[in-house]
Protein chains: 2
Amino acid sequence: MESTFLAACRRESVDHVPVWFMRQAGRSLPEYRAIREQHEILEICRTPDLAVEVTLQPVRRLGVDAAILFSDIVVPVAAMGVDLEIRPGIGPVIDSPIRAIGDVERLNPLDPEADVPFVLESTRILRRELGSTPLIGFGGAPFTLASYLIEGGPSRNHVRTKALMHGEPATWHKLMDRLSEAVLAYLQAQIAAGASAIQLFDSWVGHLSADDYRAFVLPSVERILTGLEGAGVPRIHFGVGTAHLLEHMAGAGVDVMGIDWRVGIDEARRRLGSEIALQGNLDPALCLAPWDAIEDRVTEILRRGGGIGHIFNLGHGVLPETNPDTLERIVDHVHAWQPGG
Amino acid sequence: MESTFLAACRRESVDHVPVWFMRQAGRSLPEYRAIREQHEILEICRTPDLAVEVTLQPVRRLGVDAAILFSDIVVPVAAMGVDLEIRPGIGPVIDSPIRAIGDVERLNPLDPEADVPFVLESTRILRRELGSTPLIGFGGAPFTLASYLIEGGPSRNHVRTKALMHGEPATWHKLMDRLSEAVLAYLQAQIAAGASAIQLFDSWVGHLSADDYRAFVLPSVERILTGLEGAGVPRIHFGVGTAHLLEHMAGAGVDVMGIDWRVGIDEARRRLGSEIALQGNLDPALCLAPWDAIEDRVTEILRRGGGIGHIFNLGHGVLPETNPDTLERIVDHVHAWQPGG
């Protein structure tokens with residue numbers, strides 16, 4: 001039986017609206033925190049037994065309609081020869097950031113079977129373990145990866161990234177080429193290993209103007225998404241604070257557009273048309289409000305989604321302080337809802 | 001002679017496009033840093049001689065078309081009885097955040113002449129010192145102030161603020177009432193003391209969904225802006241990451257809508273119509289790119305603005321690491337530009 005999640009991605013009619021949560025495998029779950037006490041994040045990503053366990057935890061506890069591979073967006077760039085670590089409370093930190101054409105040329109091409117065998121092994125195990133539950137593979141998009149590589153870590157203003165983009169466009173485009181080639185290979189390999197869908201995360205792209213997005217980023221996203229066109233799995237694309245970019249992002253070759261909580265699902269539908277599915281979009285901060293308020297918003301989002309071509313999700317990742325019981329109640333509420341309800 | 005800045009706010013024809021910079025009086029200027037070595041921020045705000053000097057510094061150095069009163073958005077809330085300090089590298093920190101109706105009721109109404117006499121004294125001195133250069137008064141908008149008060153400081157996700165908004169709407173609306181009343185009185189007093197225009201900053205409102213903005217924030221902004229309607233000075237309104245809110249914000253009673261760098265000025269004009277002026281919108285991060293790249297973007301923004309009803313500015317505040325020489329070159333370039341150029 002085809003999964004409800006995949007049917008909704010294809011805008012087919014479904015018994016219930018499917019739901020999963022970005023960052024559902026993470027700090028909000030005590031069973032995840034127990035594993036994190038013993039293991040670093042990159043160690044979990046690189047150890048199939050651990051990555052599989054952490055990926056399965058939210059499926060078991062929450063009853064979501066899809067699993068998402070536990071990994072970190074910097075895993076493929078680390079495999080391309082970038083020396084980095086993930087520091088608690090900070091995020092990825094890179095010792096020798098990319099600042100010039102020579103740095104770009106030192107990035108190795110990514111051969112997924114050789115360079116990230118653990119990701120593919122985890123995917124293959126999960127494919128078996130999950131039975132009929134779909135597995136979403138994922139990768140970071142070139143702009144977000146580039147910002148980490150250029151800034152040397154998480155950045156508030158992306159100053160060096162934008163300076164390189166505008167000041168040395170040839171270097172910038174070369175970097176985008178390398179990254180999009182690697183991300184495409186990475187996602188293709190996950191699909192070959194059993195991923196039933198993929199999500200391309202461009203977490204930080206909302207910091208760009210619409211002009212900069214079109215000129216400096218969109219071609220690399222198109223290259224990845226159109227490169228996956230023949231793979232036969234839904235392509236989900238998502239960024240935060242992208243109200244000014246939605247049409248461009250959705251036009252890059254997506255099957256499902258992830259909408260953060262700022263723009264209503266009905267408004268997104270008006271802007272993007274009915275040829276793609278939409279995913280979202282409860283404000284993650286609202287998971288810490290009283291249940292009645294949450295329930296009202298969830299119902300309203302479902303009503304606006306209309307029950308077809310809608311995958312319920314948060315508008316960004318689960319916040320660490322979220323009570324997992326709240327997520328479970330949201331899943332039950334979404335599953336019980338019917339159009340007209 | 002009427003100033004170019006005020007004429008542009010009223011969409012009258014001008015000899016050149018006027019320009020000023022948000023946070024133009026600040027850490028990018030060595031003469032400001034020299035004063036900061038001796039004095040805390042709140043001390044500068046509360047000492048007219050210092051506030052006047054810091055306000056005048058960018059006018060002298062950069063040749064901008066307007067001054068903006070040096071102050072901090074928490075100055076009026078401190079004067080309402082909130083115990084706070086501004087901590088270096090963090091921002092305003094509040095010891096006893098607002099969490100319940102009793103906390104809201106303890107906020108004193110603001111009587112500007114009695115509670116913030118130093119702001120009005122600075123304004124009066126500046127009015128004399130500035131000659132024909134306009135002085136922009138300013139205040140923080142209720143949502144942004146409320147977030148500081150509820151979270152106890154700067155916040156990434158505004159979790160407690162949103163929980164209060166949705167979980168205790170009566171408390172929330174009471175807080176919005178108190179704050180909008182105070183901000184209105186604060187801006188009226190600045191105008192009476194000589195401010196030639198005002199800017200209402202809602203720095204963080206872009207974190208709200210369009211629905212939450214309409215239901216929980218817009219009425220308080222309307223109350224302030226329409227309350228200033230008869231004062232005869234241009235009302236500028238600005239927030240960051242507000243591509244999804246522009247129509248609502250602009251409809252609240254503004255003369256000039258500040259646009260961050262994400263949305264093109266021409267696109268903003270299409271969405272908002274020609275009845276209001278627009279202010280913006282160079283990405284502040286681009287001030288650290290090579291000059292040729294900056295010049296191209298500035299020209300493009302001017303071209304899109306069309307030379308009428310456009311005040312050039314950055315799309316957010318000047319970054320501390322910006323070279324003041326770059327700002328000076330931008331001013332010269334803006335002043336030299338002519339429509340068709």
# chains A, B, ... in the order shown; residues from 1 in each chain; ligands from 1

$ interface_residues --of "chain A" --to "chain B" --cutoff "6 Å" --atoms "only C-alpha atoms" --output "VMD selection string"
chain A and resid 159 163 166 to 167 209 to 210 243 to 244 261 to 262 285 289 to 290 293

$ residues_around --residues "Arg235 (chain B)" --least-positions-apart "3" --cutoff "9 Å" --atoms "only C-alpha atoms" --output "MDAnalysis selection string"
chainID B and resid 9 197:200 225 228:229 253:257

$ select_by_dssp --residues "region 218-284 of chain B" --states "alpha helix (DSSP H)" --output "list in words"
Leu218, Pro219, Ser220, Val221, Glu222, Arg223, Ile224, Leu225, Thr226, Gly227, Leu246, Glu247, His248, Met249, Ala250, Ile265, Asp266, Glu267, Ala268, Arg269, Arg270, Arg271 and Leu272 of chain B

$ write_last_selection --atoms "C-alpha atoms" --output "short mmCIF file (atom, residue, chain, number, x, y, z; two decimals), in the first residue's frame"
data_model
loop_
_atom_site.label_atom_id
_atom_site.label_comp_id
_atom_site.auth_asym_id
_atom_site.auth_seq_id
_atom_site.Cartn_x
_atom_site.Cartn_y
_atom_site.Cartn_z
CA LEU B 218 -1.69 45.66 13.97
CA PRO B 219 -4.35 47.40 16.13
CA SER B 220 -1.69 48.82 18.47
CA VAL B 221 0.42 50.06 15.56
CA GLU B 222 -2.64 51.67 13.99
CA ARG B 223 -3.44 53.38 17.27
CA ILE B 224 0.01 54.97 17.36
CA LEU B 225 0.25 55.96 13.72
CA THR B 226 -3.28 57.28 13.35
CA GLY B 227 -2.81 59.08 16.68
CA LEU B 246 4.19 44.89 4.06
CA GLU B 247 0.60 45.59 3.01
CA HIS B 248 -0.65 45.33 6.60
CA MET B 249 2.09 47.53 8.02
CA ALA B 250 1.76 50.12 5.26
CA ILE B 265 11.91 48.88 -4.12
CA ASP B 266 10.05 48.50 -7.43
CA GLU B 267 8.30 45.38 -6.16
CA ALA B 268 7.38 47.18 -2.93
CA ARG B 269 5.99 50.06 -5.01
CA ARG B 270 3.85 47.64 -7.03
CA ARG B 271 2.53 46.05 -3.86
CA LEU B 272 1.97 49.21 -1.83
#

$ atom_distance --atom1 "CA of Leu120 (chain A)" --atom2 "CA of Leu84 (chain A)"
21.1 Å

$ closest_residue --among "B:Met176, B:Ile191, B:Val52, B:Val334" --to "Gly305 (chain B)" --atoms "only C-alpha atoms"
B:Val334

$ atom_distance --atom1 "CA of Ala7 (chain B)" --atom2 "CA of Phe238 (chain B)"
19.1 Å

$ decode --residues "region 307-333 of chain A" --atoms "N, CA, C and O atoms" --output "PDB file, in the first residue's frame"
ATOM      1  N   GLY A 307      -6.817  19.672   2.653  1.00  0.00           N
ATOM      2  CA  GLY A 307      -6.800  18.212   2.714  1.00  0.00           C
ATOM      3  C   GLY A 307      -6.190  17.510   1.516  1.00  0.00           C
ATOM      4  O   GLY A 307      -5.979  16.301   1.547  1.00  0.00           O
ATOM      5  N   ILE A 308      -5.909  18.236   0.460  1.00  0.00           N
ATOM      6  CA  ILE A 308      -5.296  17.620  -0.733  1.00  0.00           C
ATOM      7  C   ILE A 308      -3.969  18.330  -1.010  1.00  0.00           C
ATOM      8  O   ILE A 308      -3.907  19.561  -0.984  1.00  0.00           O
ATOM      9  N   GLY A 309      -2.939  17.548  -1.300  1.00  0.00           N
ATOM     10  CA  GLY A 309      -1.645  18.164  -1.607  1.00  0.00           C
ATOM     11  C   GLY A 309      -1.090  18.952  -0.448  1.00  0.00           C
ATOM     12  O   GLY A 309      -0.396  19.950  -0.629  1.00  0.00           O
ATOM     13  N   HIS A 310      -1.382  18.480   0.766  1.00  0.00           N
ATOM     14  CA  HIS A 310      -0.879  19.165   1.955  1.00  0.00           C
ATOM     15  C   HIS A 310      -0.246  18.155   2.907  1.00  0.00           C
ATOM     16  O   HIS A 310      -0.879  17.175   3.273  1.00  0.00           O
ATOM     17  N   ILE A 311       0.987  18.401   3.265  1.00  0.00           N
ATOM     18  CA  ILE A 311       1.667  17.608   4.292  1.00  0.00           C
ATOM     19  C   ILE A 311       1.821  18.513   5.503  1.00  0.00           C
ATOM     20  O   ILE A 311       2.468  19.563   5.421  1.00  0.00           O
ATOM     21  N   PHE A 312       1.232  18.125   6.627  1.00  0.00           N
ATOM     22  CA  PHE A 312       1.336  18.969   7.818  1.00  0.00           C
ATOM     23  C   PHE A 312       2.743  18.860   8.404  1.00  0.00           C
ATOM     24  O   PHE A 312       3.344  17.787   8.446  1.00  0.00           O
ATOM     25  N   ASN A 313       3.247  19.994   8.883  1.00  0.00           N
ATOM     26  CA  ASN A 313       4.570  20.041   9.493  1.00  0.00           C
ATOM     27  C   ASN A 313       4.625  21.329  10.309  1.00  0.00           C
ATOM     28  O   ASN A 313       3.687  22.133  10.272  1.00  0.00           O
ATOM     29  N   LEU A 314       5.707  21.520  11.022  1.00  0.00           N
ATOM     30  CA  LEU A 314       5.952  22.831  11.607  1.00  0.00           C
ATOM     31  C   LEU A 314       6.512  23.738  10.511  1.00  0.00           C
ATOM     32  O   LEU A 314       6.939  23.270   9.456  1.00  0.00           O
ATOM     33  N   GLY A 315       6.552  25.031  10.812  1.00  0.00           N
ATOM     34  CA  GLY A 315       7.119  25.976   9.860  1.00  0.00           C
ATOM     35  C   GLY A 315       8.630  26.079   9.951  1.00  0.00           C
ATOM     36  O   GLY A 315       9.263  26.811   9.183  1.00  0.00           O
ATOM     37  N   HIS A 316       9.245  25.362  10.878  1.00  0.00           N
ATOM     38  CA  HIS A 316      10.688  25.209  11.000  1.00  0.00           C
ATOM     39  C   HIS A 316      10.893  24.039  11.961  1.00  0.00           C
ATOM     40  O   HIS A 316       9.942  23.324  12.253  1.00  0.00           O
ATOM     41  N   GLY A 317      12.119  23.841  12.437  1.00  0.00           N
ATOM     42  CA  GLY A 317      12.380  22.657  13.254  1.00  0.00           C
ATOM     43  C   GLY A 317      11.745  22.706  14.641  1.00  0.00           C
ATOM     44  O   GLY A 317      11.490  23.784  15.191  1.00  0.00           O
ATOM     45  N   VAL A 318      11.501  21.518  15.202  1.00  0.00           N
ATOM     46  CA  VAL A 318      11.024  21.392  16.582  1.00  0.00           C
ATOM     47  C   VAL A 318      12.025  22.088  17.511  1.00  0.00           C
ATOM     48  O   VAL A 318      13.231  21.838  17.430  1.00  0.00           O
ATOM     49  N   LEU A 319      11.530  22.949  18.404  1.00  0.00           N
ATOM     50  CA  LEU A 319      12.421  23.589  19.378  1.00  0.00           C
ATOM     51  C   LEU A 319      12.768  22.573  20.470  1.00  0.00           C
ATOM     52  O   LEU A 319      11.931  21.770  20.871  1.00  0.00           O
ATOM     53  N   PRO A 320      14.007  22.628  20.968  1.00  0.00           N
ATOM     54  CA  PRO A 320      14.447  21.627  21.949  1.00  0.00           C
ATOM     55  C   PRO A 320      13.551  21.546  23.188  1.00  0.00           C
ATOM     56  O   PRO A 320      13.381  20.493  23.766  1.00  0.00           O
ATOM     57  N   GLU A 321      12.970  22.677  23.596  1.00  0.00           N
ATOM     58  CA  GLU A 321      12.175  22.688  24.830  1.00  0.00           C
ATOM     59  C   GLU A 321      10.744  22.193  24.625  1.00  0.00           C
ATOM     60  O   GLU A 321       9.930  22.235  25.557  1.00  0.00           O
ATOM     61  N   THR A 322      10.409  21.728  23.427  1.00  0.00           N
ATOM     62  CA  THR A 322       9.063  21.229  23.144  1.00  0.00           C
ATOM     63  C   THR A 322       8.802  19.919  23.883  1.00  0.00           C
ATOM     64  O   THR A 322       9.650  19.033  23.910  1.00  0.00           O
ATOM     65  N   ASN A 323       7.608  19.787  24.439  1.00  0.00           N
ATOM     66  CA  ASN A 323       7.201  18.545  25.089  1.00  0.00           C
ATOM     67  C   ASN A 323       6.768  17.545  24.004  1.00  0.00           C
ATOM     68  O   ASN A 323       5.862  17.844  23.221  1.00  0.00           O
ATOM     69  N   PRO A 324       7.375  16.361  23.944  1.00  0.00           N
ATOM     70  CA  PRO A 324       7.005  15.397  22.899  1.00  0.00           C
ATOM     71  C   PRO A 324       5.523  15.017  22.952  1.00  0.00           C
ATOM     72  O   PRO A 324       4.941  14.687  21.919  1.00  0.00           O
ATOM     73  N   ASP A 325       4.918  15.092  24.141  1.00  0.00           N
ATOM     74  CA  ASP A 325       3.480  14.791  24.228  1.00  0.00           C
ATOM     75  C   ASP A 325       2.667  15.750  23.363  1.00  0.00           C
ATOM     76  O   ASP A 325       1.640  15.372  22.790  1.00  0.00           O
ATOM     77  N   THR A 326       3.126  16.992  23.281  1.00  0.00           N
ATOM     78  CA  THR A 326       2.434  17.966  22.433  1.00  0.00           C
ATOM     79  C   THR A 326       2.512  17.547  20.971  1.00  0.00           C
ATOM     80  O   THR A 326       1.522  17.625  20.234  1.00  0.00           O
ATOM     81  N   LEU A 327       3.686  17.089  20.551  1.00  0.00           N
ATOM     82  CA  LEU A 327       3.837  16.651  19.160  1.00  0.00           C
ATOM     83  C   LEU A 327       2.918  15.461  18.882  1.00  0.00           C
ATOM     84  O   LEU A 327       2.304  15.367  17.814  1.00  0.00           O
ATOM     85  N   GLU A 328       2.825  14.554  19.856  1.00  0.00           N
ATOM     86  CA  GLU A 328       1.969  13.382  19.697  1.00  0.00           C
ATOM     87  C   GLU A 328       0.496  13.807  19.561  1.00  0.00           C
ATOM     88  O   GLU A 328      -0.239  13.274  18.716  1.00  0.00           O
ATOM     89  N   ARG A 329       0.096  14.767  20.367  1.00  0.00           N
ATOM     90  CA  ARG A 329      -1.290  15.263  20.273  1.00  0.00           C
ATOM     91  C   ARG A 329      -1.541  15.920  18.924  1.00  0.00           C
ATOM     92  O   ARG A 329      -2.628  15.799  18.351  1.00  0.00           O
ATOM     93  N   ILE A 330      -0.538  16.627  18.431  1.00  0.00           N
ATOM     94  CA  ILE A 330      -0.693  17.258  17.107  1.00  0.00           C
ATOM     95  C   ILE A 330      -0.881  16.185  16.034  1.00  0.00           C
ATOM     96  O   ILE A 330      -1.753  16.299  15.166  1.00  0.00           O
ATOM     97  N   VAL A 331      -0.065  15.135  16.094  1.00  0.00           N
ATOM     98  CA  VAL A 331      -0.196  14.044  15.116  1.00  0.00           C
ATOM     99  C   VAL A 331      -1.609  13.470  15.166  1.00  0.00           C
ATOM    100  O   VAL A 331      -2.273  13.308  14.120  1.00  0.00           O
ATOM    101  N   ASP A 332      -2.106  13.188  16.379  1.00  0.00           N
ATOM    102  CA  ASP A 332      -3.450  12.611  16.509  1.00  0.00           C
ATOM    103  C   ASP A 332      -4.512  13.557  15.955  1.00  0.00           C
ATOM    104  O   ASP A 332      -5.449  13.133  15.273  1.00  0.00           O
ATOM    105  N   HIS A 333      -4.340  14.832  16.258  1.00  0.00           N
ATOM    106  CA  HIS A 333      -5.317  15.815  15.795  1.00  0.00           C
ATOM    107  C   HIS A 333      -5.304  15.926  14.270  1.00  0.00           C
ATOM    108  O   HIS A 333      -6.370  15.984  13.631  1.00  0.00           O
TER     109      HIS A 333
END
